[in-house]
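The structure appears below as structure tokens.
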4 protein chains.
Amino acid sequence: MKIGILSSGGDCPGINATIRGVGKTAITQYGMEVVGIHGGFSGLLNRDVEPLDEHSLSGILNLGGTILGTSREKGFREMLTSPDQEQSLLITQAYEELGLDCLVCIGGNGTQKTTNLLAQHGLHVIGLPKTIDNDIWGTEITFGFDTAVNIATEAIDRLHSTASSHKRVMLVEVMGHRAGWIALYAGMAGGADVILLPELGFDIQKINEAICHRAQKGKPHSIVVVAEGLKMPDKKKATDFLTHEIEAATGIETRKTVLGYIQRGGNPSPFDRILATRLGGYATELIAKGQFGCMVCVKDNRIDSIPLSEVAGKLKLVTPEHDLVVQGKRMGISFGV
Amino acid sequence: MKIGILSSGGDCPGINATIRGVGKTAITQYGMEVVGIHGGFSGLLNRDVEPLDEHSLSGILNLGGTILGTSREKGFREMLTSPDQEQSLLITQAYEELGLDCLVCIGGNGTQKTTNLLAQHGLHVIGLPKTIDNDIWGTEITFGFDTAVNIATEAIDRLHSTASSHKRVMLVEVMGHRAGWIALYAGMAGGADVILLPELGFDIQKINEAICHRAQKGKPHSIVVVAEGLKMPDKKKATDFLTHEIEAATGIETRKTVLGYIQRGGNPSPFDRILATRLGGYATELIAKGQFGCMVCVKDNRIDSIPLSEVAGKLKLVTPEHDLVVQGKRMGISFGV
Amino acid sequence: MKIGILSSGGDCPGINATIRGVGKTAITQYGMEVVGIHGGFSGLLNRDVEPLDEHSLSGILNLGGTILGTSREKGFREMLTSPDQEQSLLITQAYEELGLDCLVCIGGNGTQKTTNLLAQHGLHVIGLPKTIDNDIWGTEITFGFDTAVNIATEAIDRLHSTASSHKRVMLVEVMGHRAGWIALYAGMAGGADVILLPELGFDIQKINEAICHRAQKGKPHSIVVVAEGLKMPDKKKATDFLTHEIEAATGIETRKTVLGYIQRGGNPSPFDRILATRLGGYATELIAKGQFGCMVCVKDNRIDSIPLSEVAGKLKLVTPEHDLVVQGKRMGISFGV
Amino acid sequence: MKIGILSSGGDCPGINATIRGVGKTAITQYGMEVVGIHGGFSGLLNRDVEPLDEHSLSGILNLGGTILGTSREKGFREMLTSPDQEQSLLITQAYEELGLDCLVCIGGNGTQKTTNLLAQHGLHVIGLPKTIDNDIWGTEITFGFDTAVNIATEAIDRLHSTASSHKRVMLVEVMGHRAGWIALYAGMAGGADVILLPELGFDIQKINEAICHRAQKGKPHSIVVVAEGLKMPDKKKATDFLTHEIEAATGIETRKTVLGYIQRGGNPSPFDRILATRLGGYATELIAKGQFGCMVCVKDNRIDSIPLSEVAGKLKLVTPEHDLVVQGKRMGISFGV
């Protein structure tokens, strides 16, 4: 049996750990042949592959990024939905010429959608969910998220000392375009005073009240955690607006920090290495059992799988009823609404 | 309403986060009165208490250790089971004199047992599970565990470079008297080649074979992770025995490292801060609802509670069927059996 | 004898360690009285002081920020240079009313200037150099710098994995308004390919050539470290310009990260704790010997002192002949000139 | 011109950075040919070499251990001092057959001694000082030391929380056989209460007094940092003795932690990467100038060189007059004497 592995979309700590999990299980337990496909789906079309063996899978468990490289997949997905059937034929031909019995696709929401299309075209595929944003439908958690929360929380820890020494409001923008998971977790772990999530929106009055309320109790400094995807009526990003408005309304010096790419790079946390290893190993189990067309996932704290057709096109968002939001409110943390 | 909080047994990252979770929720959401009891159960007898308010609960989220101090509880537990009923009366009197409506007891297995005894004596109590060992029955995970795994994994990461530069076998002993959870998780996250757990025991032949097998494939260095509680017929600890035996049998230089207390100290990881906050907040919810006599826990990845009577006296151990053990074996990691 | 301590200007890891160094030496070795002045020089005018004893100096060695708070000092300095001598009289009166025998001023370049003015007004003062920027004249190194370099280097380490997985140019802007020390050290420690310093300026052609040269050798990804003070003819900051120009000229996707305030917060590194402790202790030695009007410093790797009059108004900048710049060039690192 | 590089003795963070510094400077600046010799001096005899080029020197700056491997050198050194001149001839023949114009030897005190012997046999050699112990004569600092101090200090930071939560004395044994540099620096950076160095010895009475003195002031917990080489009349190591004696004499629960090998593994700190790069680059400069027979070093905070004949056989030890010892005493830290 021969399986191909590729990674697609943004890089994320733990991809190499999951490649290792898939590959080592396949080789050691089942004697399968494993090939890595370079540069995401485009590498499939280009037959840009390398055999993965024990040697190439060694020493990568704690390595950030992806040894297989990655690329955007929009064009590839369009080939699969094109009315011109020649297009998708190019893909199935590549799959067959490479002699694959299954293709494991590591990626985020877009990748799961593409992988589902491949399944619909009759290929044997397994989706492996990966994103620091933790917004993939059908799994309680994705690897990369814990590492990102660690980095963001460490940054917030650092900002506390500047905030209190200078009696400032410190805004910190963390990743999360549509989902506020990183902001919610890093905010709660970092002891933020205000946490703003794209899903909940915000009312600038409420934010200013929360900050002034603290100042009245003798704490002029506050930490505000903002998800980058926080929307405003007219702009895309809210961080600059908030920095200006809070300073103007409260009279407290306000400074912003945008964490950016450091949240997605570097060595995965032990938690993410374990999760990535488990999901990878489970993917190989599914292949051995001939169960294709699904995504491996975490359900009720256990590794499981879910049909790709149930996952594709959906997004896992924070709801106002999420127990961590509710718990934050009970402790007096403002969510700006 | 007035609630008391105490921490008992070994210290553990996240205790302060959970004290804050209980206290801030009680004060902000319910206007309850909260007192901290110093030095564990003995502080209850000595009425050694301090009021906890927003100020004293501030800035402790990421602080290691416990602001309330701790102590051994064996003597206290004996008072509760003594045939001399005067003994336990001293305890219930203390509870009443302090005017408590509920006592929240943060601790490990022993503490849950003691807390259950307090419940049987008619006190309103909530157990809050805390241990780096992750061996408390009735909860999928305890706070402190993730931090301990992080520290142990970081140490293993460091030992890899010495192992490969010197072509040595590096043994590392991690905490875990009866349960091998830290060894299992840190071993899997650290890319260990051999992982030895108290629950599974070991066969020295199998260990040596695994190391020699690696050497034959061109990898003379190996990492062996050993839980401190690993038993031998005649001795208490196996690390020294193993260091000697492996070197003698394989001819490869073998060195040991005992991580010790650094695994339980220092700042909690973001994961542990979140978990501790959630469990603490949920404890207060239970108090508000008048649900006593139980321990807060994690079940199917959700915060829940379980009667203390079901928890007391049991231990959560690694089984050979645990999915992470099985996954490790599939990848060729030796468990020494 | 009674000494006052204050911190002024931006916060910086190690201030608390140096306060502790001054204070513990004064109390333990000399039995001096020590008072902390809150909120920088304005606290002197407001007599906003607290006695510092062994208890208040305990547990602060590894704490970020400053327990004394800080403030801007421009207004205060103007009082000292005002033709209206009533102004400066307010300051000397405050000093006398507080009964101080010496005032230790912890701060950056501006603070050393102000402290020199105080000396010229006849006060007993000692300057203690502090800045993450490492740009204070008269000392080989300042505490805070090592910590900032650690944080920036860790960030660059993280960006490497995204750069290589995505085959991108990653720009990272680090602190340093006029001096490029952090960029130089973090760039060299982080394995940057291009390092841009305010002192050297840049030629966009040279930068693009360096990146293309790498791409031709099979390395399409590059790391560019930019000091925030890098000047352009028409704009203040160069990072946005560079991101756009590099992508346009090289055709390689280019992304920027601005590290910002996380570089100055959080726990000081062991190196900075030691340096801050030494400088603080030496300040107290000078006081005990009655040597005022100078700044403690590092000269030829030894703790020493230098007259404030020699320090005030000067800036320590990177020169093209600095051995680390020269070494970088020898290894093929581009400095964009 | 062709230069060979080898690493000998214990591994140490920064070796790869210095190999890169030597090699990249040689290749880029001077177009020299560079070969890496595997497994230390024995690799020279075995002609076990590989060419080092830009590719093999890339990505190793922040890697722990040594890509060239290492070995003990005692046998090799004996060949050089053997009355049987055939022995040393084997070595000079190897040097010549490999066509080397210079051999760069990275190692500790033993290696500098061996390298000096090679110089006396007429070979062109440069010594490159490397040790976490910082005990090489002739240089103010060695790379590896800062990383080791960081790791030991982080461990001490962690032990503080257990010490204070449990009101215990926590002993921590750090590396340093003959020299107490790590103990001195990590002890001072970690806020230790007692620091014990091999060079100063100890008086158990003085240690107990220091701990009791703290207890009397309301601080029953203490941190004691012990260099592993601390001597006792009858035993080799003092840690076990001290743990027992302190508990017996003070009545305070006392626990020990032995840090061991984690101090020498893992990624080098930015400080060590810079230092290693500078020393490596300077070694290549010396080769280009034809200055052989010396060790690169740090003198008065500047990179310099010193004849190997002045270095060989000496040891840099902590003296009671060292300014950091003196400063520690002034702050009330006990050195047990």
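Residue numbering restarts at 1 for every chain of the structure tokens, chains are lettered A, B, ... in their displayed order, and ligands are numbered from 1 as they appear.
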
So which residues touch segment 218-226 of chain A within 6 Å, counting only C-alpha atoms, skipping near sequence neighbours fewer than 4 positions away, as a PyMOL selection string?
chain A and resi 163-164+167-173+187+192-196+214

May I have the selected residues written with N, CA, C and O atoms, as an mmCIF file, in the first residue's frame?
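As written to disk, out.cif reads:
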data_model
loop_
_atom_site.group_PDB
_atom_site.id
_atom_site.type_symbol
_atom_site.label_atom_id
_atom_site.label_comp_id
_atom_site.auth_asym_id
_atom_site.auth_seq_id
_atom_site.Cartn_x
_atom_site.Cartn_y
_atom_site.Cartn_z
ATOM 1 N N ALA A 163 2.476 47.867 31.187
ATOM 2 C CA ALA A 163 1.180 48.472 31.500
ATOM 3 C C ALA A 163 1.179 49.050 32.908
ATOM 4 O O ALA A 163 0.801 50.202 33.127
ATOM 5 N N SER A 164 1.644 48.253 33.875
ATOM 6 C CA SER A 164 1.543 48.735 35.261
ATOM 7 C C SER A 164 2.634 49.754 35.590
ATOM 8 O O SER A 164 2.386 50.707 36.317
ATOM 9 N N LYS A 167 1.311 52.846 33.822
ATOM 10 C CA LYS A 167 -0.111 53.144 33.998
ATOM 11 C C LYS A 167 -0.798 53.365 32.650
ATOM 12 O O LYS A 167 -1.444 54.378 32.415
ATOM 13 N N ARG A 168 -0.609 52.396 31.774
ATOM 14 C CA ARG A 168 -1.123 52.501 30.420
ATOM 15 C C ARG A 168 -2.175 51.439 30.142
ATOM 16 O O ARG A 168 -2.227 50.412 30.793
ATOM 17 N N VAL A 169 -2.957 51.683 29.110
ATOM 18 C CA VAL A 169 -3.751 50.626 28.501
ATOM 19 C C VAL A 169 -2.900 50.016 27.390
ATOM 20 O O VAL A 169 -2.383 50.736 26.535
ATOM 21 N N MET A 170 -2.707 48.708 27.433
ATOM 22 C CA MET A 170 -1.953 48.029 26.388
ATOM 23 C C MET A 170 -2.920 47.159 25.593
ATOM 24 O O MET A 170 -3.524 46.228 26.138
ATOM 25 N N LEU A 171 -3.055 47.462 24.312
ATOM 26 C CA LEU A 171 -3.850 46.626 23.402
ATOM 27 C C LEU A 171 -2.936 45.615 22.746
ATOM 28 O O LEU A 171 -1.838 45.970 22.316
ATOM 29 N N VAL A 172 -3.382 44.392 22.632
ATOM 30 C CA VAL A 172 -2.587 43.426 21.891
ATOM 31 C C VAL A 172 -3.487 42.705 20.894
ATOM 32 O O VAL A 172 -4.531 42.156 21.269
ATOM 33 N N GLU A 173 -3.080 42.763 19.644
ATOM 34 C CA GLU A 173 -3.850 42.100 18.590
ATOM 35 C C GLU A 173 -3.280 40.725 18.332
ATOM 36 O O GLU A 173 -2.103 40.574 18.024
ATOM 37 N N GLY A 187 -6.371 35.609 26.165
ATOM 38 C CA GLY A 187 -6.878 36.664 27.038
ATOM 39 C C GLY A 187 -7.172 36.133 28.432
ATOM 40 O O GLY A 187 -6.781 36.724 29.435
ATOM 41 N N ALA A 192 -6.279 39.168 30.929
ATOM 42 C CA ALA A 192 -6.727 40.395 30.250
ATOM 43 C C ALA A 192 -7.945 40.972 30.967
ATOM 44 O O ALA A 192 -8.694 40.252 31.628
ATOM 45 N N ASP A 193 -8.136 42.265 30.810
ATOM 46 C CA ASP A 193 -9.283 42.940 31.421
ATOM 47 C C ASP A 193 -10.425 43.083 30.433
ATOM 48 O O ASP A 193 -11.590 43.116 30.820
ATOM 49 N N VAL A 194 -10.060 43.184 29.151
ATOM 50 C CA VAL A 194 -11.058 43.271 28.089
ATOM 51 C C VAL A 194 -10.639 42.298 26.980
ATOM 52 O O VAL A 194 -9.466 42.259 26.610
ATOM 53 N N ILE A 195 -11.588 41.515 26.486
ATOM 54 C CA ILE A 195 -11.314 40.552 25.410
ATOM 55 C C ILE A 195 -12.340 40.768 24.304
ATOM 56 O O ILE A 195 -13.546 40.717 24.573
ATOM 57 N N LEU A 196 -11.846 41.023 23.086
ATOM 58 C CA LEU A 196 -12.757 41.360 21.993
ATOM 59 C C LEU A 196 -12.675 40.320 20.877
ATOM 60 O O LEU A 196 -11.614 40.076 20.321
ATOM 61 N N ARG A 214 -12.023 50.128 36.236
ATOM 62 C CA ARG A 214 -10.774 49.671 36.844
ATOM 63 C C ARG A 214 -9.972 50.848 37.409
ATOM 64 O O ARG A 214 -9.447 50.760 38.518
#

Give me, as a list in words, the contact residues of chain C against chain D at a cut-off of 7 Å, counting only C-alpha atoms.
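Taking only C-alpha atoms into account, Lys24, Thr25, Thr28, Gln29, Leu61, Asn150, Thr153, Met188, Ala189, Gly191, Pro270, Arg273, Ile274, Arg278, Gly281, Asp300, Asn301, Gln327, Arg330, Met331 and Gly332 of chain C sit within 7 Å of chain D.
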
Contact residues around segment 238-249 of chain D with only C-alpha atoms at 9 Å, ignoring same-chain residues under 6 positions, as a ChimeraX atom specification
/D:169-173,204-205,207-208,211,226-232,255-256,258

Atoms to include: N, CA, C and O atoms. Write the selected residues as a PDB file, in the first residue's frame.
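Final file, selection.pdb:
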ATOM      1  N   VAL D 169      13.803  24.208  52.757  1.00  0.00           N
ATOM      2  CA  VAL D 169      15.091  24.540  52.167  1.00  0.00           C
ATOM      3  C   VAL D 169      15.226  23.701  50.895  1.00  0.00           C
ATOM      4  O   VAL D 169      15.047  22.487  50.937  1.00  0.00           O
ATOM      5  N   MET D 170      15.481  24.350  49.772  1.00  0.00           N
ATOM      6  CA  MET D 170      15.683  23.639  48.515  1.00  0.00           C
ATOM      7  C   MET D 170      17.150  23.787  48.118  1.00  0.00           C
ATOM      8  O   MET D 170      17.619  24.897  47.869  1.00  0.00           O
ATOM      9  N   LEU D 171      17.844  22.647  48.051  1.00  0.00           N
ATOM     10  CA  LEU D 171      19.223  22.632  47.552  1.00  0.00           C
ATOM     11  C   LEU D 171      19.192  22.345  46.063  1.00  0.00           C
ATOM     12  O   LEU D 171      18.463  21.464  45.613  1.00  0.00           O
ATOM     13  N   VAL D 172      20.000  23.036  45.309  1.00  0.00           N
ATOM     14  CA  VAL D 172      20.102  22.700  43.891  1.00  0.00           C
ATOM     15  C   VAL D 172      21.579  22.586  43.505  1.00  0.00           C
ATOM     16  O   VAL D 172      22.371  23.493  43.763  1.00  0.00           O
ATOM     17  N   GLU D 173      21.916  21.422  42.974  1.00  0.00           N
ATOM     18  CA  GLU D 173      23.294  21.194  42.550  1.00  0.00           C
ATOM     19  C   GLU D 173      23.442  21.517  41.071  1.00  0.00           C
ATOM     20  O   GLU D 173      22.736  20.957  40.238  1.00  0.00           O
ATOM     21  N   ILE D 204      29.736  24.057  57.658  1.00  0.00           N
ATOM     22  CA  ILE D 204      28.314  23.720  57.800  1.00  0.00           C
ATOM     23  C   ILE D 204      27.622  24.595  58.852  1.00  0.00           C
ATOM     24  O   ILE D 204      26.438  24.940  58.700  1.00  0.00           O
ATOM     25  N   GLN D 205      28.360  24.997  59.862  1.00  0.00           N
ATOM     26  CA  GLN D 205      27.806  25.894  60.885  1.00  0.00           C
ATOM     27  C   GLN D 205      27.325  27.209  60.279  1.00  0.00           C
ATOM     28  O   GLN D 205      26.242  27.690  60.582  1.00  0.00           O
ATOM     29  N   ILE D 207      26.499  27.825  57.250  1.00  0.00           N
ATOM     30  CA  ILE D 207      25.331  27.623  56.381  1.00  0.00           C
ATOM     31  C   ILE D 207      24.059  27.559  57.220  1.00  0.00           C
ATOM     32  O   ILE D 207      23.068  28.224  56.949  1.00  0.00           O
ATOM     33  N   ASN D 208      24.119  26.755  58.273  1.00  0.00           N
ATOM     34  CA  ASN D 208      22.945  26.620  59.137  1.00  0.00           C
ATOM     35  C   ASN D 208      22.573  27.937  59.799  1.00  0.00           C
ATOM     36  O   ASN D 208      21.391  28.266  59.933  1.00  0.00           O
ATOM     37  N   ILE D 211      20.655  30.062  57.354  1.00  0.00           N
ATOM     38  CA  ILE D 211      19.277  29.602  57.147  1.00  0.00           C
ATOM     39  C   ILE D 211      18.407  29.920  58.366  1.00  0.00           C
ATOM     40  O   ILE D 211      17.260  30.361  58.226  1.00  0.00           O
ATOM     41  N   VAL D 226      24.574  24.777  45.046  1.00  0.00           N
ATOM     42  CA  VAL D 226      25.804  24.041  45.323  1.00  0.00           C
ATOM     43  C   VAL D 226      26.468  23.650  44.007  1.00  0.00           C
ATOM     44  O   VAL D 226      25.820  23.048  43.145  1.00  0.00           O
ATOM     45  N   ALA D 227      27.739  23.983  43.829  1.00  0.00           N
ATOM     46  CA  ALA D 227      28.480  23.489  42.663  1.00  0.00           C
ATOM     47  C   ALA D 227      28.785  22.014  42.883  1.00  0.00           C
ATOM     48  O   ALA D 227      29.152  21.602  43.988  1.00  0.00           O
ATOM     49  N   GLU D 228      28.659  21.202  41.832  1.00  0.00           N
ATOM     50  CA  GLU D 228      28.811  19.761  41.999  1.00  0.00           C
ATOM     51  C   GLU D 228      30.204  19.374  42.511  1.00  0.00           C
ATOM     52  O   GLU D 228      30.359  18.328  43.124  1.00  0.00           O
ATOM     53  N   GLY D 229      31.177  20.235  42.261  1.00  0.00           N
ATOM     54  CA  GLY D 229      32.540  19.894  42.660  1.00  0.00           C
ATOM     55  C   GLY D 229      32.866  20.245  44.100  1.00  0.00           C
ATOM     56  O   GLY D 229      34.009  20.059  44.543  1.00  0.00           O
ATOM     57  N   LEU D 230      31.870  20.723  44.848  1.00  0.00           N
ATOM     58  CA  LEU D 230      32.124  21.097  46.249  1.00  0.00           C
ATOM     59  C   LEU D 230      32.700  19.899  46.993  1.00  0.00           C
ATOM     60  O   LEU D 230      32.100  18.833  47.034  1.00  0.00           O
ATOM     61  N   LYS D 231      33.848  20.075  47.590  1.00  0.00           N
ATOM     62  CA  LYS D 231      34.562  18.953  48.189  1.00  0.00           C
ATOM     63  C   LYS D 231      34.254  18.793  49.673  1.00  0.00           C
ATOM     64  O   LYS D 231      34.015  19.761  50.381  1.00  0.00           O
ATOM     65  N   MET D 232      34.325  17.533  50.116  1.00  0.00           N
ATOM     66  CA  MET D 232      34.246  17.224  51.536  1.00  0.00           C
ATOM     67  C   MET D 232      35.469  16.392  51.877  1.00  0.00           C
ATOM     68  O   MET D 232      36.033  15.733  51.015  1.00  0.00           O
ATOM     69  N   ARG D 255      15.162  19.573  50.773  1.00  0.00           N
ATOM     70  CA  ARG D 255      15.099  18.706  49.597  1.00  0.00           C
ATOM     71  C   ARG D 255      16.157  19.130  48.599  1.00  0.00           C
ATOM     72  O   ARG D 255      16.482  20.297  48.487  1.00  0.00           O
ATOM     73  N   LYS D 256      16.673  18.164  47.838  1.00  0.00           N
ATOM     74  CA  LYS D 256      17.708  18.485  46.852  1.00  0.00           C
ATOM     75  C   LYS D 256      17.238  18.197  45.427  1.00  0.00           C
ATOM     76  O   LYS D 256      16.382  17.355  45.185  1.00  0.00           O
ATOM     77  N   VAL D 258      19.264  17.763  41.568  1.00  0.00           N
ATOM     78  CA  VAL D 258      20.529  17.741  40.831  1.00  0.00           C
ATOM     79  C   VAL D 258      20.222  18.015  39.364  1.00  0.00           C
ATOM     80  O   VAL D 258      19.568  17.204  38.713  1.00  0.00           O
TER      81      VAL D 258
END
